[in-house]
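Student: Just so it is clear, I am handing over input_11.pdb, which has PDB, C-alpha atoms and all ligand atoms.
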MODEL        1
ATOM      1  CA  MET B   1     233.539 -92.599  48.665
ATOM      2  CA  PRO B   2     237.132 -93.312  49.708
ATOM      3  CA  ASP B   3     239.546 -90.444  50.202
ATOM      4  CA  GLN B   4     241.671 -91.617  47.338
ATOM      5  CA  ILE B   5     240.896 -93.255  44.011
ATOM      6  CA  PRO B   6     243.171 -94.725  41.344
ATOM      7  CA  ALA B   7     244.387 -92.128  38.847
ATOM      8  CA  GLN B   8     242.936 -93.261  35.521
ATOM      9  CA  PHE B   9     244.790 -91.592  32.680
ATOM     10  CA  GLN B  10     243.216 -92.627  29.391
ATOM     11  CA  VAL B  11     245.643 -92.318  26.471
ATOM     12  CA  LEU B  12     243.933 -91.522  23.169
ATOM     13  CA  ASP B  13     247.004 -90.271  21.319
ATOM     14  CA  GLU B  14     250.577 -91.440  21.770
ATOM     15  CA  ARG B  15     251.640 -87.900  22.592
ATOM     16  CA  PHE B  16     249.729 -88.284  25.872
ATOM     17  CA  ALA B  17     251.525 -91.484  26.851
ATOM     18  CA  GLY B  18     254.130 -89.646  28.918
ATOM     19  CA  VAL B  19     251.570 -87.606  30.862
ATOM     20  CA  GLY B  20     250.881 -88.927  34.319
ATOM     21  CA  GLY B  21     251.625 -88.468  37.959
ATOM     22  CA  ASP B  22     250.438 -89.888  41.252
ATOM     23  CA  ARG B  23     248.935 -93.367  41.179
ATOM     24  CA  PHE B  24     246.064 -92.088  43.272
ATOM     25  CA  VAL B  25     243.944 -88.968  43.147
ATOM     26  CA  GLN B  26     243.358 -87.526  46.607
ATOM     27  CA  ARG B  27     239.870 -86.442  47.542
ATOM     28  CA  VAL B  28     240.737 -83.676  49.985
ATOM     29  CA  PHE B  29     237.238 -82.233  50.512
ATOM     30  CA  ASP B  30     233.862 -83.868  50.006
ATOM     31  CA  GLY B  31     231.316 -81.552  51.579
ATOM     32  CA  GLY B  32     230.248 -79.495  48.587
ATOM     33  CA  ARG B  33     227.089 -79.385  46.500
ATOM     34  CA  TRP B  34     228.619 -78.123  43.282
ATOM     35  CA  LEU B  35     232.165 -76.908  43.394
ATOM     36  CA  GLU B  36     233.637 -74.406  40.932
ATOM     37  CA  GLY B  37     236.019 -71.480  40.658
ATOM     38  CA  PRO B  38     239.397 -72.863  41.786
ATOM     39  CA  ALA B  39     242.156 -70.240  41.918
ATOM     40  CA  TYR B  40     245.528 -70.792  43.536
ATOM     41  CA  ALA B  41     247.496 -68.225  45.535
ATOM     42  CA  PRO B  42     251.204 -69.124  45.304
ATOM     43  CA  ALA B  43     252.333 -66.820  48.116
ATOM     44  CA  GLY B  44     249.877 -68.348  50.578
ATOM     45  CA  ARG B  45     249.880 -71.854  49.128
ATOM     46  CA  PHE B  46     246.112 -72.083  49.252
ATOM     47  CA  LEU B  47     243.272 -72.574  46.819
ATOM     48  CA  LEU B  48     240.030 -70.631  46.922
ATOM     49  CA  PHE B  49     237.034 -72.332  45.354
ATOM     50  CA  SER B  50     233.274 -71.857  45.196
ATOM     51  CA  ASP B  51     230.461 -74.039  46.504
ATOM     52  CA  ILE B  52     227.790 -72.327  44.456
ATOM     53  CA  PRO B  53     224.454 -73.681  45.785
ATOM     54  CA  ASN B  54     225.747 -73.447  49.349
ATOM     55  CA  ASP B  55     226.594 -69.782  48.692
ATOM     56  CA  ARG B  56     230.109 -69.930  50.052
ATOM     57  CA  VAL B  57     233.787 -69.658  49.206
ATOM     58  CA  LEU B  58     236.071 -72.369  50.550
ATOM     59  CA  ARG B  59     239.800 -72.275  51.175
ATOM     60  CA  TYR B  60     241.991 -75.349  50.850
ATOM     61  CA  ASP B  61     245.325 -74.979  52.620
ATOM     62  CA  GLU B  62     247.903 -76.937  50.671
ATOM     63  CA  VAL B  63     250.321 -77.061  53.608
ATOM     64  CA  SER B  64     247.966 -78.291  56.328
ATOM     65  CA  GLY B  65     245.594 -80.137  54.016
ATOM     66  CA  ARG B  66     242.612 -78.463  55.662
ATOM     67  CA  THR B  67     239.600 -76.931  53.994
ATOM     68  CA  ASP B  68     237.773 -74.127  55.782
ATOM     69  CA  VAL B  69     234.987 -71.732  54.945
ATOM     70  CA  PHE B  70     236.509 -68.513  53.630
ATOM     71  CA  ALA B  71     233.311 -66.501  53.118
ATOM     72  CA  THR B  72     229.571 -67.082  53.440
ATOM     73  CA  PRO B  73     227.191 -65.763  52.289
ATOM     74  CA  ALA B  74     229.176 -64.934  49.187
ATOM     75  CA  ASP B  75     226.647 -63.884  46.506
ATOM     76  CA  PHE B  76     226.668 -67.350  44.925
ATOM     77  CA  PRO B  77     230.231 -67.229  43.608
ATOM     78  CA  ASN B  78     231.282 -69.100  40.473
ATOM     79  CA  GLY B  79     234.487 -68.712  38.416
ATOM     80  CA  ARG B  80     237.598 -67.112  39.814
ATOM     81  CA  THR B  81     241.128 -66.196  38.779
ATOM     82  CA  LEU B  82     244.221 -64.512  40.132
ATOM     83  CA  ASP B  83     245.159 -61.281  38.373
ATOM     84  CA  PRO B  84     248.762 -60.288  37.541
ATOM     85  CA  GLN B  85     248.997 -58.442  40.897
ATOM     86  CA  GLY B  86     247.950 -61.563  42.806
ATOM     87  CA  ARG B  87     244.394 -60.415  43.595
ATOM     88  CA  PHE B  88     241.406 -62.719  43.313
ATOM     89  CA  VAL B  89     238.857 -61.733  40.679
ATOM     90  CA  SER B  90     235.518 -63.512  41.074
ATOM     91  CA  CYS B  91     232.224 -63.952  39.269
ATOM     92  CA  GLU B  92     229.114 -63.686  41.430
ATOM     93  CA  HIS B  93     225.790 -65.055  40.270
ATOM     94  CA  GLY B  94     223.844 -63.588  43.176
ATOM     95  CA  ALA B  95     224.966 -59.994  42.745
ATOM     96  CA  ARG B  96     225.302 -60.442  38.956
ATOM     97  CA  ARG B  97     228.764 -58.919  38.911
ATOM     98  CA  VAL B  98     232.533 -59.372  38.713
ATOM     99  CA  THR B  99     234.535 -58.270  41.732
ATOM    100  CA  ARG B 100     238.150 -58.032  42.855
ATOM    101  CA  LEU B 101     239.355 -58.800  46.364
ATOM    102  CA  GLU B 102     241.990 -56.201  47.169
ATOM    103  CA  HIS B 103     245.099 -56.842  49.241
ATOM    104  CA  ASP B 104     243.581 -54.845  52.114
ATOM    105  CA  GLY B 105     240.479 -57.049  52.123
ATOM    106  CA  SER B 106     238.128 -54.582  50.488
ATOM    107  CA  VAL B 107     236.059 -55.556  47.466
ATOM    108  CA  THR B 108     236.027 -53.585  44.234
ATOM    109  CA  VAL B 109     233.150 -54.037  41.802
ATOM    110  CA  LEU B 110     234.714 -54.316  38.350
ATOM    111  CA  ALA B 111     231.544 -54.812  36.316
ATOM    112  CA  ASP B 112     227.850 -55.183  37.047
ATOM    113  CA  ARG B 113     226.121 -53.412  34.158
ATOM    114  CA  TRP B 114     226.460 -53.025  30.426
ATOM    115  CA  GLN B 115     224.785 -50.046  28.785
ATOM    116  CA  GLY B 116     222.810 -49.514  31.981
ATOM    117  CA  ARG B 117     221.454 -53.054  32.110
ATOM    118  CA  ARG B 118     222.428 -55.597  34.729
ATOM    119  CA  LEU B 119     224.631 -58.478  33.702
ATOM    120  CA  ASN B 120     223.033 -61.943  33.676
ATOM    121  CA  SER B 121     225.274 -64.009  35.948
ATOM    122  CA  PRO B 122     229.012 -63.825  35.217
ATOM    123  CA  ASN B 123     230.439 -67.327  35.073
ATOM    124  CA  ASP B 124     234.178 -67.313  34.518
ATOM    125  CA  VAL B 125     236.937 -64.745  34.179
ATOM    126  CA  VAL B 126     240.526 -64.255  33.076
ATOM    127  CA  VAL B 127     242.800 -61.228  33.390
ATOM    128  CA  ARG B 128     245.332 -60.467  30.687
ATOM    129  CA  SER B 129     248.791 -59.172  31.571
ATOM    130  CA  ASP B 130     247.721 -55.704  30.326
ATOM    131  CA  GLY B 131     245.120 -55.636  33.098
ATOM    132  CA  SER B 132     242.087 -56.134  30.865
ATOM    133  CA  VAL B 133     239.418 -58.365  32.401
ATOM    134  CA  TRP B 134     237.622 -60.830  30.107
ATOM    135  CA  PHE B 135     234.571 -62.709  31.335
ATOM    136  CA  THR B 136     231.555 -64.691  30.189
ATOM    137  CA  ASP B 137     227.957 -63.887  31.080
ATOM    138  CA  PRO B 138     225.588 -66.799  30.487
ATOM    139  CA  ASP B 139     222.215 -66.816  32.250
ATOM    140  CA  TYR B 140     222.551 -70.015  34.295
ATOM    141  CA  GLY B 141     222.681 -68.069  37.549
ATOM    142  CA  ILE B 142     219.307 -66.358  37.018
ATOM    143  CA  GLN B 143     217.377 -69.350  35.695
ATOM    144  CA  SER B 144     216.447 -70.479  39.211
ATOM    145  CA  ASP B 145     217.278 -69.946  42.851
ATOM    146  CA  TYR B 146     219.530 -72.989  42.896
ATOM    147  CA  GLU B 147     222.708 -71.175  41.919
ATOM    148  CA  GLY B 148     221.746 -67.556  42.496
ATOM    149  CA  HIS B 149     218.513 -65.587  42.358
ATOM    150  CA  ARG B 150     215.865 -66.273  39.774
ATOM    151  CA  GLY B 151     215.526 -63.269  37.523
ATOM    152  CA  THR B 152     215.178 -62.017  33.999
ATOM    153  CA  SER B 153     217.932 -61.122  31.596
ATOM    154  CA  GLU B 154     218.053 -57.365  31.182
ATOM    155  CA  ILE B 155     220.525 -57.675  28.323
ATOM    156  CA  GLY B 156     218.498 -60.366  26.605
ATOM    157  CA  ALA B 157     221.594 -62.167  25.332
ATOM    158  CA  ARG B 158     224.626 -63.981  26.631
ATOM    159  CA  HIS B 159     227.920 -62.369  25.705
ATOM    160  CA  VAL B 160     231.661 -62.411  26.295
ATOM    161  CA  PHE B 161     232.846 -59.090  27.737
ATOM    162  CA  ARG B 162     236.095 -57.162  28.052
ATOM    163  CA  LEU B 163     236.680 -54.556  30.717
ATOM    164  CA  ASP B 164     239.245 -51.959  29.738
ATOM    165  CA  PRO B 165     241.783 -51.395  32.527
ATOM    166  CA  GLY B 166     242.348 -47.759  31.631
ATOM    167  CA  THR B 167     238.894 -46.385  30.941
ATOM    168  CA  GLY B 168     236.783 -48.923  32.796
ATOM    169  CA  ALA B 169     234.672 -49.320  29.659
ATOM    170  CA  LEU B 170     232.837 -52.620  29.337
ATOM    171  CA  ASP B 171     232.453 -53.916  25.796
ATOM    172  CA  VAL B 172     231.001 -56.988  24.140
ATOM    173  CA  VAL B 173     233.750 -58.915  22.375
ATOM    174  CA  ALA B 174     231.674 -61.921  21.265
ATOM    175  CA  ASP B 175     227.911 -61.988  20.828
ATOM    176  CA  ASP B 176     227.229 -65.273  19.055
ATOM    177  CA  PHE B 177     227.322 -67.745  21.936
ATOM    178  CA  VAL B 178     224.433 -69.747  23.317
ATOM    179  CA  GLN B 179     226.018 -69.992  26.783
ATOM    180  CA  PRO B 180     229.633 -68.753  27.042
ATOM    181  CA  ASN B 181     231.438 -70.346  29.959
ATOM    182  CA  GLY B 182     235.101 -71.165  30.732
ATOM    183  CA  LEU B 183     237.849 -69.206  29.018
ATOM    184  CA  ALA B 184     241.650 -69.099  28.847
ATOM    185  CA  PHE B 185     244.368 -67.209  26.981
ATOM    186  CA  SER B 186     247.153 -68.946  25.124
ATOM    187  CA  ALA B 187     250.623 -68.383  26.606
ATOM    188  CA  ASP B 188     251.351 -65.486  24.249
ATOM    189  CA  GLU B 189     247.880 -64.043  24.957
ATOM    190  CA  GLN B 190     247.283 -63.737  21.231
ATOM    191  CA  ARG B 191     244.455 -66.255  21.271
ATOM    192  CA  LEU B 192     241.465 -66.621  23.565
ATOM    193  CA  PHE B 193     239.691 -69.957  23.971
ATOM    194  CA  VAL B 194     236.053 -69.797  25.090
ATOM    195  CA  VAL B 195     233.691 -72.643  25.946
ATOM    196  CA  ASP B 196     230.117 -72.610  24.693
ATOM    197  CA  SER B 197     228.647 -75.037  27.188
ATOM    198  CA  ASP B 198     225.295 -75.421  25.431
ATOM    199  CA  ARG B 199     226.871 -76.110  22.054
ATOM    200  CA  HIS B 200     229.445 -78.415  23.673
ATOM    201  CA  THR B 201     232.315 -76.648  21.961
ATOM    202  CA  ILE B 202     235.512 -74.760  22.689
ATOM    203  CA  ARG B 203     236.056 -71.889  20.254
ATOM    204  CA  VAL B 204     239.296 -70.049  19.529
ATOM    205  CA  PHE B 205     239.590 -66.343  18.775
ATOM    206  CA  ASP B 206     242.473 -64.165  17.660
ATOM    207  CA  VAL B 207     243.023 -61.258  20.019
ATOM    208  CA  GLU B 208     243.665 -58.006  18.178
ATOM    209  CA  GLY B 209     243.937 -55.160  20.634
ATOM    210  CA  ALA B 210     240.611 -54.908  22.417
ATOM    211  CA  ALA B 211     238.767 -57.060  19.895
ATOM    212  CA  LEU B 212     238.343 -60.713  19.021
ATOM    213  CA  HIS B 213     238.354 -62.150  15.523
ATOM    214  CA  GLY B 214     237.698 -65.617  14.166
ATOM    215  CA  GLY B 215     235.995 -67.920  16.610
ATOM    216  CA  GLU B 216     236.186 -71.266  14.863
ATOM    217  CA  VAL B 217     235.511 -74.441  16.798
ATOM    218  CA  PHE B 218     238.711 -75.768  18.371
ATOM    219  CA  ALA B 219     237.172 -78.807  20.056
ATOM    220  CA  ALA B 220     233.792 -80.462  20.458
ATOM    221  CA  ASP B 221     232.519 -83.153  22.784
ATOM    222  CA  ASP B 222     229.225 -84.993  23.130
ATOM    223  CA  LEU B 223     228.609 -83.638  26.599
ATOM    224  CA  GLY B 224     230.546 -80.391  26.602
ATOM    225  CA  TYR B 225     232.902 -78.496  28.865
ATOM    226  CA  ASP B 226     232.940 -75.996  31.664
ATOM    227  CA  GLY B 227     236.261 -74.485  32.805
ATOM    228  CA  VAL B 228     239.517 -74.645  30.805
ATOM    229  CA  ARG B 229     243.192 -74.107  31.646
ATOM    230  CA  PHE B 230     246.508 -74.375  29.762
ATOM    231  CA  ASP B 231     249.598 -76.256  30.788
ATOM    232  CA  ASP B 232     253.056 -74.872  30.009
ATOM    233  CA  GLU B 233     253.384 -76.951  26.847
ATOM    234  CA  GLY B 234     250.400 -75.270  25.277
ATOM    235  CA  ARG B 235     247.975 -78.105  25.883
ATOM    236  CA  LEU B 236     244.452 -77.139  26.807
ATOM    237  CA  TRP B 237     242.780 -78.998  29.681
ATOM    238  CA  GLY B 238     239.003 -78.897  29.763
ATOM    239  CA  ALA B 239     236.665 -79.806  32.619
ATOM    240  CA  ALA B 240     234.143 -82.338  31.335
ATOM    241  CA  GLN B 241     231.431 -84.740  32.425
ATOM    242  CA  ASP B 242     233.765 -87.733  32.785
ATOM    243  CA  GLY B 243     236.886 -85.987  34.050
ATOM    244  CA  VAL B 244     239.333 -83.628  32.368
ATOM    245  CA  HIS B 245     240.216 -83.767  28.676
ATOM    246  CA  CYS B 246     243.617 -82.732  27.367
ATOM    247  CA  TYR B 247     243.995 -81.213  23.890
ATOM    248  CA  HIS B 248     247.142 -80.740  21.839
ATOM    249  CA  PRO B 249     247.555 -77.201  20.468
ATOM    250  CA  ASP B 250     246.563 -78.650  17.082
ATOM    251  CA  GLY B 251     243.128 -79.556  18.489
ATOM    252  CA  THR B 252     243.684 -83.303  18.864
ATOM    253  CA  LEU B 253     242.145 -84.874  21.943
ATOM    254  CA  LEU B 254     245.236 -86.464  23.481
ATOM    255  CA  GLY B 255     243.714 -88.149  26.487
ATOM    256  CA  LYS B 256     241.678 -87.859  29.623
ATOM    257  CA  LEU B 257     241.978 -88.113  33.366
ATOM    258  CA  LEU B 258     238.794 -89.909  34.346
ATOM    259  CA  LEU B 259     236.968 -89.016  37.549
ATOM    260  CA  PRO B 260     233.834 -90.357  39.257
ATOM    261  CA  GLU B 261     232.121 -86.951  39.404
ATOM    262  CA  ILE B 262     231.416 -84.227  36.841
ATOM    263  CA  VAL B 263     234.320 -81.788  36.793
ATOM    264  CA  ALA B 264     233.373 -78.116  36.594
ATOM    265  CA  ASN B 265     236.803 -76.556  36.612
ATOM    266  CA  LEU B 266     240.497 -77.113  37.237
ATOM    267  CA  GLU B 267     243.591 -75.247  38.362
ATOM    268  CA  PHE B 268     247.308 -75.895  38.501
ATOM    269  CA  GLY B 269     248.861 -74.979  41.833
ATOM    270  CA  GLY B 270     251.724 -75.858  44.109
ATOM    271  CA  PRO B 271     255.174 -74.243  44.273
ATOM    272  CA  GLN B 272     256.036 -75.824  40.898
ATOM    273  CA  ARG B 273     252.542 -75.475  39.391
ATOM    274  CA  ASN B 274     252.311 -79.259  39.121
ATOM    275  CA  HIS B 275     249.538 -79.885  41.629
ATOM    276  CA  LEU B 276     246.382 -80.393  39.619
ATOM    277  CA  TYR B 277     243.211 -79.303  41.442
ATOM    278  CA  LEU B 278     239.797 -80.394  40.232
ATOM    279  CA  THR B 279     236.506 -78.987  41.482
ATOM    280  CA  ALA B 280     234.123 -81.859  40.790
ATOM    281  CA  THR B 281     230.536 -81.625  42.026
ATOM    282  CA  THR B 282     230.781 -82.526  45.729
ATOM    283  CA  SER B 283     234.547 -82.911  45.931
ATOM    284  CA  LEU B 284     237.882 -81.207  45.566
ATOM    285  CA  TYR B 285     240.375 -83.668  44.088
ATOM    286  CA  THR B 286     244.113 -83.163  43.723
ATOM    287  CA  LEU B 287     247.096 -85.052  42.431
ATOM    288  CA  ARG B 288     250.698 -84.296  41.596
ATOM    289  CA  VAL B 289     251.284 -84.511  37.844
ATOM    290  CA  ASN B 290     254.338 -84.487  35.601
ATOM    291  CA  VAL B 291     253.179 -81.443  33.685
ATOM    292  CA  ARG B 292     253.037 -77.850  34.861
ATOM    293  CA  GLY B 293     250.383 -75.234  34.540
ATOM    294  CA  ALA B 294     251.067 -72.353  32.190
ATOM    295  CA  ARG B 295     253.230 -69.686  33.736
ATOM    296  CA  PRO B 296     251.125 -66.553  34.156
ATOM    297  CA  ARG B 297     252.345 -63.499  32.276
ATOM    298  CA  ARG B 298     253.104 -60.561  34.502
TER     299      ARG B 298
HETATM  300 MG    MG E 301     231.872 -72.270  34.426
ENDMDL
END
Is it possible to express this structure as structure tokens?
Tutor:
Amino acid sequence: MPDQIPAQFQVLDERFAGVGGDRFVQRVFDGGRWLEGPAYAPAGRFLLFSDIPNDRVLRYDEVSGRTDVFATPADFPNGRTLDPQGRFVSCEHGARRVTRLEHDGSVTVLADRWQGRRLNSPNDVVVRSDGSVWFTDPDYGIQSDYEGHRGTSEIGARHVFRLDPGTGALDVVADDFVQPNGLAFSADEQRLFVVDSDRHTIRVFDVEGAALHGGEVFAADDLGYDGVRFDDEGRLWGAAQDGVHCYHPDGTLLGKLLLPEIVANLEFGGPQRNHLYLTATTSLYTLRVNVRGARPRR
């Protein structure tokens, strides 16, 4: 495949007509098996991302354009985010846990058990500005040895969890998913959007303190979604089978950026948060766009 492909923005609603960017999408890395977990570090101008079946974390340097191995083995890493203090928080299928990479290089285990039972295989994670850690725990990572270690679910269900930053308590905040996956907070952090990748839906919850309410379907697609991120105009971008889909806050599918590989997740990076990064099966794609990622709350 060439190292650049035409940027195909598909306009489905006139409100998407002004969204665009580079004429070509750059394919800056093509050596992965199944890429996921992009998280951008503004101070270092690099992107960490996961190559799950290859059991490694990769690091794309935005300045040099190089991609190097950051860590391997890496406990079959999946989703990743940057917390308000600028630390990477990662989901690990292999160790069935959520961890934080501290500034001194040490690793802190944030969650690996609920009520004494091991988690399934945490998939994706977000950290609210109050320090609470919200993550999904489907069982994809224990179904086979392809993306972790084959095992049984000790919990026997697939939940959305919240880790309390003060007490360290881990609580179920949603228990009616088939396979919870990507998740993202609205800019005001009053709503949480969570993908159910088996039901092919994105659901929206009202955040009330440590609890979630509601959970109606915000969007649905024939083939479903994986990771989701917001831009700074409140539009939700979802990683999908044919590229990324962009939703207006009212739930309308505005348009798509089509790609030749299945997209698992996306991230906005760059000094102005207008570099769109797409982890798509074997490749990391990037292009400069005329929208910005949501500004993280601190
Ligand atoms: Mg995912």
Student: Expand the PyMOL selection byres (((chain B and resi 105-114) around 9) and not hetatm) into the individual residues it matches in the shown file, reporting them as a PyMOL selection string.
Tutor: chain B and resi 89+95-104+115-120+122+133+155+163+168+170-172
Student: For the PyMOL selection byres (((not hetatm)) within 8 of (chain E and resi 301)), applied here, can you spell out every residue it catches as a list in words?
Tutor: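 Those residues are Glu36, Gly37, Asn78, Gly79, Asn123, Asp124, Asn181, Gly182, Asp226, Gly227, Ala264 and Asn265 of chain B.
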Student: Smallest atom-to-atom distance to B:Val194: which of B:Val126, B:Ala169, B:Ala74, B:Ile142, using only C-alpha atoms?
Tutor: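 Of the candidates, the smallest distance to B:Val194 is held by B:Val126.
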Student: Might you spell out which residues the PyMOL selection byres (((chain B and resi 236) around 9) and not hetatm) would select in the displayed file, as a list of chain:residue names?
Tutor: B:Ala184, B:Ser186, B:Val228, B:Arg229, B:Phe230, B:Asp231, B:Glu233, B:Gly234, B:Arg235, B:Trp237, B:Gly238, B:His245, B:Cys246, B:Tyr247, B:His248, B:Pro249, B:Gly251
Student: Please tell me which residues are no farther than 6 Å from (241.8, -90.0, 32.7) in the file, counting only C-alpha atoms, and write them as an mmCIF file with C-alpha atoms, in the frame of the given file.
Tutor:
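So result_16.cif came out as:
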data_model
loop_
_atom_site.group_PDB
_atom_site.id
_atom_site.type_symbol
_atom_site.label_atom_id
_atom_site.label_comp_id
_atom_site.auth_asym_id
_atom_site.auth_seq_id
_atom_site.Cartn_x
_atom_site.Cartn_y
_atom_site.Cartn_z
ATOM 1 C CA GLN B 8 242.936 -93.261 35.521
ATOM 2 C CA PHE B 9 244.790 -91.592 32.680
ATOM 3 C CA GLN B 10 243.216 -92.627 29.391
ATOM 4 C CA LYS B 256 241.678 -87.859 29.623
ATOM 5 C CA LEU B 257 241.978 -88.113 33.366
ATOM 6 C CA LEU B 258 238.794 -89.909 34.346
#
Student: For the atom pair atom CA of B:Asp175 and atom CA of B:Val160, what is the interatomic distance in Å to one decimal place?
Tutor: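 Between atom CA of B:Asp175 and atom CA of B:Val160 the gap is 6.6 Å.
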Student: Tell me which of B:Ala187, B:Val125, B:Gly94, B:Gln4 sits closest to B:Gly151, counting only C-alpha atoms.
Tutor: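 Looking only at the distances to B:Gly151, the closest residue turns out to be B:Gly94.
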Student: Atom CA of B:Pro296 and atom CA of B:Asp130 are how many Å apart?
Tutor: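 These two atoms are separated by 12.0 Å.
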Student: Compare B:Phe218, B:Ala280, B:Trp34, B:Arg150 by their minimum atom-to-atom distance to B:Val244, counting only C-alpha atoms, and give me the closest one.
Tutor: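 Counting only C-alpha atoms, the residue closest to B:Val244 is B:Ala280.
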Student: When you count only C-alpha atoms, which of these residues is closest to B:Thr252: B:Asp3, B:Glu147, B:Glu14, B:Glu92?
Tutor: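 For B:Thr252, the nearest of the candidates is B:Glu14.
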Student: Could you name the residues that touch B:Leu287 at 9 Å or less, counting all atoms listed in the file, but leaving out those on the same chain fewer than 5 positions away, as a count of residues only?
Tutor: 13
Student: In Å, how far is it from atom CA of B:Tyr60 to atom CA of B:Phe46?
Tutor: 5.5 Å
Student: Complete the atoms of stretch 92-98 of chain B to all heavy atoms and put them out as a CSV table (one decimal), in the frame of the given file.
Tutor:
chain,number,residue,atom,x,y,z
B,92,GLU,N,230.2,-63.5,40.4
B,92,GLU,CA,229.1,-63.7,41.4
B,92,GLU,C,227.8,-63.8,40.7
B,92,GLU,O,227.3,-62.8,40.1
B,92,GLU,CB,229.1,-62.5,42.4
B,92,GLU,CG,230.4,-62.4,43.2
B,92,GLU,CD,230.4,-61.1,44.1
B,92,GLU,OE1,229.4,-60.4,44.1
B,92,GLU,OE2,231.4,-60.8,44.7
B,93,HIS,N,227.1,-64.9,40.8
B,93,HIS,CA,225.8,-65.1,40.3
B,93,HIS,C,224.8,-64.2,41.0
B,93,HIS,O,224.0,-63.5,40.4
B,93,HIS,CB,225.3,-66.5,40.4
B,93,HIS,CG,225.9,-67.4,39.4
B,93,HIS,ND1,225.5,-68.8,39.3
B,93,HIS,CD2,226.8,-67.3,38.4
B,93,HIS,CE1,226.2,-69.4,38.4
B,93,HIS,NE2,227.0,-68.5,37.8
B,94,GLY,N,224.9,-64.2,42.4
B,94,GLY,CA,223.8,-63.6,43.2
B,94,GLY,C,223.8,-62.1,43.0
B,94,GLY,O,222.7,-61.5,42.8
B,95,ALA,N,224.9,-61.4,42.9
B,95,ALA,CA,225.0,-60.0,42.7
B,95,ALA,C,225.1,-59.6,41.3
B,95,ALA,O,225.2,-58.4,40.9
B,95,ALA,CB,226.1,-59.4,43.6
B,96,ARG,N,225.2,-60.6,40.4
B,96,ARG,CA,225.3,-60.4,39.0
B,96,ARG,C,226.4,-59.5,38.6
B,96,ARG,O,226.3,-58.5,37.9
B,96,ARG,CB,224.0,-59.9,38.4
B,96,ARG,CG,222.8,-60.9,38.7
B,96,ARG,CD,221.4,-60.4,38.5
B,96,ARG,NE,221.2,-60.2,37.1
B,96,ARG,CZ,219.9,-60.1,36.6
B,96,ARG,NH1,218.9,-60.3,37.4
B,96,ARG,NH2,219.7,-59.9,35.3
B,97,ARG,N,227.6,-59.8,39.1
B,97,ARG,CA,228.8,-58.9,38.9
B,97,ARG,C,230.1,-59.7,39.0
B,97,ARG,O,230.2,-60.8,39.4
B,97,ARG,CB,228.7,-57.8,40.0
B,97,ARG,CG,228.9,-58.4,41.4
B,97,ARG,CD,228.8,-57.3,42.5
B,97,ARG,NE,229.1,-57.9,43.8
B,97,ARG,CZ,229.2,-57.2,44.9
B,97,ARG,NH1,228.8,-55.9,44.9
B,97,ARG,NH2,229.5,-57.7,46.0
B,98,VAL,N,231.1,-58.9,38.6
B,98,VAL,CA,232.5,-59.4,38.7
B,98,VAL,C,233.2,-58.5,39.7
B,98,VAL,O,233.1,-57.2,39.6
B,98,VAL,CB,233.2,-59.3,37.3
B,98,VAL,CG1,234.7,-59.8,37.5
B,98,VAL,CG2,232.5,-60.2,36.3
